[in-house]
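**Student:** Quick one: the structure is below, questions incoming.
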Amino acid sequence: PEPKFRPRSRSVAEQLRYVTAAVDRSPHLLAIAEALTAKSGRPRNLPFRGFLIACCLHVCIQERNFYRGKIADMIAELTRDQRALLGLRGPISYSQIVRASLKLERGGRDGLTIDDPDNPGHSVTLHLDDIMSHIVSAAIPPELIKTTTVAADGTDFESPARREERVNKETGEVLPCADPDAILGHRTSTQTHSDSWYLGQEVTVVTNAPDRPTRTRPSPPAPTVVLAAGIRPAGTDRGGVTAGLVLWCHKRQPIKECLVDRGISQSADENFAKPMREAGIGIVVDLRSEQRRAHTALSDDRVMMINGGVFIAGTPEAHYKNLPVPRLQDTAAEKARIHELYDRLLPFACQPLTALGSDGRQRFRGP
């Protein structure tokens with residue numbers, strides 16, 4: 001197996017120099033800080049460039065404890081020279097951290113318009129997912145990503161607010177707690193804990209992954225790093241946020257395949273599968289345990305996998321691209337029409353000759 005990528009341990013001073021250089025090398029983050037900086041009035045004690053650097057530094061030091069109060073405590077523990085790198089003009093307070101983060105959040109929710117660094121002379125509107133993705137990917141060197149495959153999954157982000165029902169004074173909606181974005185979500189079981197319920201939000205992350213190896217070309221190394229991230233209320237819009245993040249990564253570097261689990265792949269076709277097809281990105285779905293078995297076709301250049309079946313590599317693209325997805329409410333005539341479209345693939349299908357052997361290989365016969 002490929003050895004895991006383990007970054008070397010860095011001191012706080014080294015981490016600060018690293019994230020400062022990363023933010024200064026990102027034209028998008030500098031443009032975000034410039035757009036949020038007031039053009040009149042008294043300058044902020046904590047400039048937005050320094051606030052973005054502090055957020056990145058806190059993630060490097062305490063990656064499992066991202067709260068605004070902890071960011072204020074971390075800044076208070078920095079030396080005078082380290083605080084000067086953030087552009088601080090005096091002592092910092094928790095309320096100043098809160099005001100800066102709320103202004104950044106409001107800008108992302110309303111849409112933050114900046115000059116597009118990739119297209120000079122044009123502007124681009126960034127939302128929360130774009131801003132969050134620029135922050136998490138700022139320190140990734142372009143030459144580090146050598147694969148064209150990504151993987152997406154979600155994890156729970158539990159709200160620190162207590163479960164006490166409150167009424168939203170503006171809408172009259174009954175909220176489960178003081179956090180307006182927190183709703184009740186389901187946490188799936190793992191090897192270490194059973195399934196349970198939680199109150200909060202869900203963070204969806206997109207990471208790079210190894211490419212599918214072939215007989216003549218192994219996959220290049222793929223140290224796992226987060227390329228993009230988005231947050232939504234628990235259990236909502238999983239397919240939409242994943243598609244948006246993958247397409248955001250696809251604009252920066254071409255992507256050919258995306259690995260997802262059933263929580264994402266079972267989203268409505270127009271929310272996830274259709275945007276992926278239109279972008280030319282293949283979807284690899286996490287199957288049920290009884291469906292997980294090896295296929296020789298995954299490592300043979302002479303054949304290809306289409307909807308879980310084995311077909312010869314010369315199958316016409318028009319026969320399998322943009323196939324309609326059957327729905328339960330389809331009429332008999334519509335189902336018959338869709339069956340005819342799928343039946344066009346039969347002349348190119350490969351039939352199994354042997355059962356799956358102990359070595360994980362299986363022989364097929366071509367048409």
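Each chain of the structure tokens is named A, B, ... in the order shown, its residues numbered from 1; ligands are numbered from 1 in display order.
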As a ChimeraX atom specification, list the residues of segment 200-308 of chain A assigned to alpha helix (DSSP H) by DSSP on the backbone atoms of this structure.

**Tutor:** /A:238-252,262-265,273-278

**Student:** Run DSSP on the backbone and give me the residues of segment 127-307 of chain A it puts in strand (DSSP E), as an NGL selection string.

**Tutor:** :A and (149-158 or 166-167 or 174-175 or 183-187 or 196-209 or 226-233 or 257-260 or 282-285 or 303-306)

**Student:** With N, CA and C atoms retained, export the selected residues as a short mmCIF file (atom, residue, chain, number, x, y, z; two decimals), in the first residue's frame.

**Tutor:**
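See selection.cif below for the written result:
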```cif
data_model
loop_
_atom_site.label_atom_id
_atom_site.label_comp_id
_atom_site.auth_asym_id
_atom_site.auth_seq_id
_atom_site.Cartn_x
_atom_site.Cartn_y
_atom_site.Cartn_z
N THR A 149 -8.64 12.47 -10.09
CA THR A 149 -9.74 11.84 -9.35
C THR A 149 -9.89 12.53 -8.00
N VAL A 150 -11.13 12.75 -7.60
CA VAL A 150 -11.42 13.34 -6.29
C VAL A 150 -12.43 12.46 -5.57
N ALA A 151 -12.50 12.62 -4.26
CA ALA A 151 -13.47 11.92 -3.43
C ALA A 151 -14.19 12.95 -2.57
N ALA A 152 -15.48 12.74 -2.35
CA ALA A 152 -16.30 13.68 -1.57
C ALA A 152 -17.05 12.92 -0.49
N ASP A 153 -17.14 13.54 0.67
CA ASP A 153 -17.88 12.94 1.78
C ASP A 153 -18.22 14.05 2.76
N GLY A 154 -19.18 13.77 3.65
CA GLY A 154 -19.62 14.74 4.64
C GLY A 154 -19.35 14.25 6.05
N THR A 155 -19.18 15.18 6.96
CA THR A 155 -18.98 14.85 8.37
C THR A 155 -19.81 15.81 9.22
N ASP A 156 -20.21 15.33 10.39
CA ASP A 156 -21.07 16.15 11.24
C ASP A 156 -20.28 17.25 11.93
N PHE A 157 -20.90 18.41 12.10
CA PHE A 157 -20.33 19.54 12.83
C PHE A 157 -21.38 19.96 13.86
N GLU A 158 -21.23 19.41 15.06
CA GLU A 158 -22.25 19.60 16.09
C GLU A 158 -22.22 21.02 16.64
N ARG A 166 -36.59 27.52 20.60
CA ARG A 166 -36.74 28.98 20.59
C ARG A 166 -37.55 29.36 19.36
N VAL A 167 -38.16 30.52 19.42
CA VAL A 167 -38.99 31.00 18.32
C VAL A 167 -38.25 32.15 17.63
N VAL A 174 -40.15 27.75 14.78
CA VAL A 174 -39.67 27.16 16.02
C VAL A 174 -38.32 26.51 15.76
N LEU A 175 -37.27 26.99 16.41
CA LEU A 175 -35.91 26.50 16.22
C LEU A 175 -35.56 25.53 17.34
N ILE A 183 -29.89 22.03 12.64
CA ILE A 183 -31.08 21.19 12.65
C ILE A 183 -30.66 19.79 13.06
N LEU A 184 -31.66 18.92 13.28
CA LEU A 184 -31.38 17.57 13.75
C LEU A 184 -30.89 16.72 12.58
N GLY A 185 -29.73 16.07 12.75
CA GLY A 185 -29.16 15.23 11.70
C GLY A 185 -28.81 13.86 12.24
N HIS A 186 -28.60 12.93 11.32
CA HIS A 186 -28.29 11.55 11.68
C HIS A 186 -26.82 11.27 11.42
N ARG A 187 -26.14 10.73 12.43
CA ARG A 187 -24.73 10.39 12.32
C ARG A 187 -24.62 8.88 12.12
N SER A 196 -26.19 7.62 15.66
CA SER A 196 -26.82 8.48 16.66
C SER A 196 -27.34 9.73 15.98
N TRP A 197 -28.02 10.57 16.75
CA TRP A 197 -28.55 11.84 16.27
C TRP A 197 -27.74 12.98 16.86
N TYR A 198 -27.63 14.06 16.12
CA TYR A 198 -26.91 15.23 16.61
C TYR A 198 -27.62 16.48 16.12
N LEU A 199 -27.31 17.60 16.74
CA LEU A 199 -27.89 18.89 16.39
C LEU A 199 -26.79 19.80 15.87
N GLY A 200 -26.87 20.16 14.62
CA GLY A 200 -25.82 21.01 14.07
C GLY A 200 -25.87 21.07 12.57
N GLN A 201 -24.70 21.07 11.95
CA GLN A 201 -24.56 21.21 10.51
C GLN A 201 -23.68 20.09 9.96
N GLU A 202 -23.57 20.03 8.66
CA GLU A 202 -22.75 19.01 8.00
C GLU A 202 -21.74 19.68 7.10
N VAL A 203 -20.47 19.29 7.26
CA VAL A 203 -19.39 19.84 6.45
C VAL A 203 -19.06 18.83 5.36
N THR A 204 -19.15 19.24 4.10
CA THR A 204 -18.80 18.40 2.96
C THR A 204 -17.42 18.81 2.46
N VAL A 205 -16.54 17.84 2.33
CA VAL A 205 -15.17 18.12 1.87
C VAL A 205 -14.89 17.30 0.61
N VAL A 206 -14.07 17.87 -0.26
CA VAL A 206 -13.60 17.21 -1.47
C VAL A 206 -12.09 17.07 -1.37
N THR A 207 -11.60 15.85 -1.49
CA THR A 207 -10.16 15.59 -1.43
C THR A 207 -9.70 14.96 -2.73
N ASN A 208 -8.40 15.03 -2.99
CA ASN A 208 -7.87 14.32 -4.14
C ASN A 208 -7.74 12.84 -3.80
N ALA A 209 -7.70 11.99 -4.82
CA ALA A 209 -7.65 10.55 -4.63
C ALA A 209 -6.80 9.94 -5.74
N VAL A 226 -7.41 18.38 1.48
CA VAL A 226 -8.74 18.93 1.22
C VAL A 226 -8.61 20.02 0.16
N LEU A 227 -9.35 19.86 -0.94
CA LEU A 227 -9.31 20.82 -2.03
C LEU A 227 -10.43 21.85 -1.94
N ALA A 228 -11.58 21.47 -1.37
CA ALA A 228 -12.72 22.38 -1.27
C ALA A 228 -13.60 21.91 -0.12
N ALA A 229 -14.39 22.83 0.43
CA ALA A 229 -15.26 22.50 1.56
C ALA A 229 -16.47 23.41 1.55
N GLY A 230 -17.58 22.88 2.04
CA GLY A 230 -18.82 23.64 2.16
C GLY A 230 -19.61 23.16 3.36
N ILE A 231 -20.45 24.00 3.91
CA ILE A 231 -21.21 23.66 5.10
C ILE A 231 -22.69 23.96 4.86
N ARG A 232 -23.53 23.05 5.32
CA ARG A 232 -24.98 23.16 5.19
C ARG A 232 -25.63 22.65 6.49
N PRO A 233 -26.88 23.04 6.74
CA PRO A 233 -27.61 22.41 7.85
C PRO A 233 -27.64 20.89 7.68
N GLU A 257 -12.94 11.77 -12.63
CA GLU A 257 -13.80 10.90 -11.84
C GLU A 257 -13.98 11.45 -10.45
N CYS A 258 -15.14 11.16 -9.87
CA CYS A 258 -15.47 11.60 -8.51
C CYS A 258 -16.03 10.41 -7.74
N LEU A 259 -15.49 10.13 -6.57
CA LEU A 259 -15.92 9.03 -5.72
C LEU A 259 -16.85 9.57 -4.64
N VAL A 260 -18.05 9.01 -4.53
CA VAL A 260 -19.03 9.46 -3.54
C VAL A 260 -19.68 8.25 -2.90
N GLY A 282 -16.93 11.43 -14.53
CA GLY A 282 -17.53 10.15 -14.19
C GLY A 282 -17.75 10.02 -12.71
N ILE A 283 -18.79 9.28 -12.33
CA ILE A 283 -19.16 9.09 -10.92
C ILE A 283 -18.88 7.65 -10.53
N VAL A 284 -18.12 7.45 -9.47
CA VAL A 284 -17.88 6.14 -8.90
C VAL A 284 -18.63 6.08 -7.57
N VAL A 285 -19.61 5.17 -7.48
CA VAL A 285 -20.51 5.14 -6.34
C VAL A 285 -20.09 4.04 -5.39
N VAL A 303 -11.38 -2.77 -22.35
CA VAL A 303 -12.80 -2.73 -22.00
C VAL A 303 -13.07 -1.50 -21.14
N MET A 304 -14.35 -1.23 -20.90
CA MET A 304 -14.75 -0.09 -20.09
C MET A 304 -15.99 -0.47 -19.29
N MET A 305 -16.19 0.22 -18.16
CA MET A 305 -17.34 -0.03 -17.31
C MET A 305 -18.40 1.02 -17.60
N ILE A 306 -19.64 0.55 -17.89
CA ILE A 306 -20.77 1.45 -18.12
C ILE A 306 -21.92 0.97 -17.25
#
```

**Student:** Residues within 8 Å of Thr113 of chain A, please, as a compact mmCIF listing (two decimals) with all heavy atoms, in the first residue's frame. Count only C-alpha atoms; anything in the same chain fewer than 2 positions from it doesn't count.

**Tutor:**
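The resulting result-v1.txt:
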```txt
# COMPACT_ATOMS: atom_id res chain seq x y z
N ALA A 35 -12.03 43.58 -0.41
CA ALA A 35 -13.45 43.91 -0.58
C ALA A 35 -14.16 44.11 0.76
O ALA A 35 -15.12 44.89 0.84
CB ALA A 35 -14.14 42.79 -1.36
N GLY A 111 -23.22 37.29 -1.26
CA GLY A 111 -22.46 37.28 -2.51
C GLY A 111 -21.44 38.40 -2.51
O GLY A 111 -21.81 39.58 -2.52
N ASP A 115 -12.76 41.65 -8.06
CA ASP A 115 -12.12 41.59 -9.38
C ASP A 115 -11.57 40.18 -9.58
O ASP A 115 -10.85 39.66 -8.73
CB ASP A 115 -11.00 42.62 -9.49
CG ASP A 115 -11.53 44.05 -9.44
OD1 ASP A 115 -12.69 44.24 -9.86
OD2 ASP A 115 -10.80 44.93 -8.97
N SER A 123 -15.27 40.76 -13.21
CA SER A 123 -15.56 40.56 -11.79
C SER A 123 -16.22 39.21 -11.59
O SER A 123 -16.76 38.61 -12.53
CB SER A 123 -16.49 41.67 -11.27
OG SER A 123 -17.73 41.67 -11.98
N VAL A 124 -16.15 38.70 -10.39
CA VAL A 124 -16.72 37.41 -10.04
C VAL A 124 -17.37 37.54 -8.66
O VAL A 124 -16.88 38.27 -7.80
CB VAL A 124 -15.65 36.30 -10.05
CG1 VAL A 124 -14.55 36.58 -9.03
CG2 VAL A 124 -16.26 34.94 -9.79
N THR A 125 -18.49 36.86 -8.46
CA THR A 125 -19.21 36.88 -7.19
C THR A 125 -18.93 35.58 -6.44
O THR A 125 -19.17 34.49 -6.97
CB THR A 125 -20.72 37.05 -7.41
OG1 THR A 125 -20.96 38.28 -8.10
CG2 THR A 125 -21.45 37.09 -6.07
N LEU A 126 -18.41 35.71 -5.23
CA LEU A 126 -18.08 34.55 -4.40
C LEU A 126 -19.13 34.37 -3.31
O LEU A 126 -19.61 35.35 -2.74
CB LEU A 126 -16.70 34.73 -3.76
CG LEU A 126 -15.52 34.98 -4.70
CD1 LEU A 126 -14.24 35.14 -3.90
CD2 LEU A 126 -15.38 33.85 -5.71
```

**Student:** Env of Ala318 of chain A: 12 Å cut, atoms = only C-alpha atoms, seq-sep filter 2 positions within chain, self excluded. Answer as a ChimeraX atom specification.

**Tutor:** /A:314-316,320-323,341-342,344-345

**Student:** One number please: atom CA of Lys146 of chain A to atom CA of Pro220 of chain A, in Å, one decimal.

**Tutor:**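 Computed distance, atom CA of Lys146 of chain A to atom CA of Pro220 of chain A, equals 6.6 Å.
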
**Student:** Which neighbours of Asp24 of chain A fall inside 10 Å, counting only C-alpha atoms, when residues of the same chain fewer than 6 positions from it are skipped, and could you give them as a PyMOL selection string?

**Tutor:** chain A and resi 30+49+53+138

**Student:** Go ahead and write the selection's residues with all heavy atoms as a JSON list (two decimals), in the first residue's frame.

**Tutor:**
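What landed in part.json:
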```json
[["chain", "number", "residue", "atom", "x", "y", "z"],
["A", 30, "LEU", "N", -6.59, 37.75, -0.99],
["A", 30, "LEU", "CA", -6.25, 39.17, -0.86],
["A", 30, "LEU", "C", -7.37, 40.04, -1.40],
["A", 30, "LEU", "O", -7.66, 41.11, -0.84],
["A", 30, "LEU", "CB", -4.94, 39.46, -1.59],
["A", 30, "LEU", "CG", -3.68, 38.78, -1.02],
["A", 30, "LEU", "CD1", -2.46, 39.13, -1.85],
["A", 30, "LEU", "CD2", -3.46, 39.18, 0.44],
["A", 49, "ARG", "N", -7.00, 40.80, 6.29],
["A", 49, "ARG", "CA", -5.88, 39.94, 5.90],
["A", 49, "ARG", "C", -5.34, 39.21, 7.12],
["A", 49, "ARG", "O", -5.09, 38.00, 7.09],
["A", 49, "ARG", "CB", -4.78, 40.76, 5.24],
["A", 49, "ARG", "CG", -3.48, 39.98, 5.01],
["A", 49, "ARG", "CD", -2.38, 40.87, 4.45],
["A", 49, "ARG", "NE", -1.09, 40.20, 4.47],
["A", 49, "ARG", "CZ", -0.28, 40.19, 5.51],
["A", 49, "ARG", "NH1", -0.62, 40.82, 6.63],
["A", 49, "ARG", "NH2", 0.89, 39.56, 5.45],
["A", 53, "ILE", "N", -5.35, 35.08, 8.01],
["A", 53, "ILE", "CA", -4.12, 34.40, 8.42],
["A", 53, "ILE", "C", -4.34, 33.72, 9.77],
["A", 53, "ILE", "O", -3.91, 32.58, 10.00],
["A", 53, "ILE", "CB", -2.94, 35.38, 8.48],
["A", 53, "ILE", "CG1", -2.62, 35.90, 7.07],
["A", 53, "ILE", "CG2", -1.71, 34.73, 9.09],
["A", 53, "ILE", "CD1", -1.56, 36.99, 7.05],
["A", 138, "ALA", "N", -5.62, 27.34, -0.02],
["A", 138, "ALA", "CA", -4.62, 28.39, -0.30],
["A", 138, "ALA", "C", -3.19, 27.88, -0.15],
["A", 138, "ALA", "O", -2.30, 28.30, -0.89],
["A", 138, "ALA", "CB", -4.86, 29.58, 0.63]]
```

**Student:** Find the residue from A:Gly244, A:Gly309, A:Pro142, A:Gly50 that sits nearest to His127 of chain A; use only C-alpha atoms when measuring.

**Tutor:** A:Gly244

**Student:** Excluding same-chain residues fewer than 5 positions from Gly90 of chain A, what lies within 10 Å of it counting only C-alpha atoms, as a PDB file with C-alpha atoms, in the first residue's frame?

**Tutor:**
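around_2.pdb, written as the output of this step:
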```
ATOM      1  CA  ASN A  45      -7.639  46.886  14.934  1.00  0.00           C
ATOM      2  CA  LEU A  46      -7.699  43.457  13.227  1.00  0.00           C
ATOM      3  CA  ARG A  80       4.758  40.970  19.645  1.00  0.00           C
ATOM      4  CA  ARG A  83       1.191  39.794  16.134  1.00  0.00           C
ATOM      5  CA  ALA A  84       2.857  42.401  13.927  1.00  0.00           C
TER       6      ALA A  84
END
```

**Student:** Give me the residues near Ala139 of chain A as a list of chain:residue names, where near means some atom within 10 Å (using only C-alpha atoms) and where sequence neighbours in that chain fewer than 4 positions away do not count.

**Tutor:** A:Tyr18, A:Val19, A:Thr20, A:Ala21, A:Ala22, A:Val23, A:Arg25, A:Ser26, A:Cys56, A:His134, A:Ile135
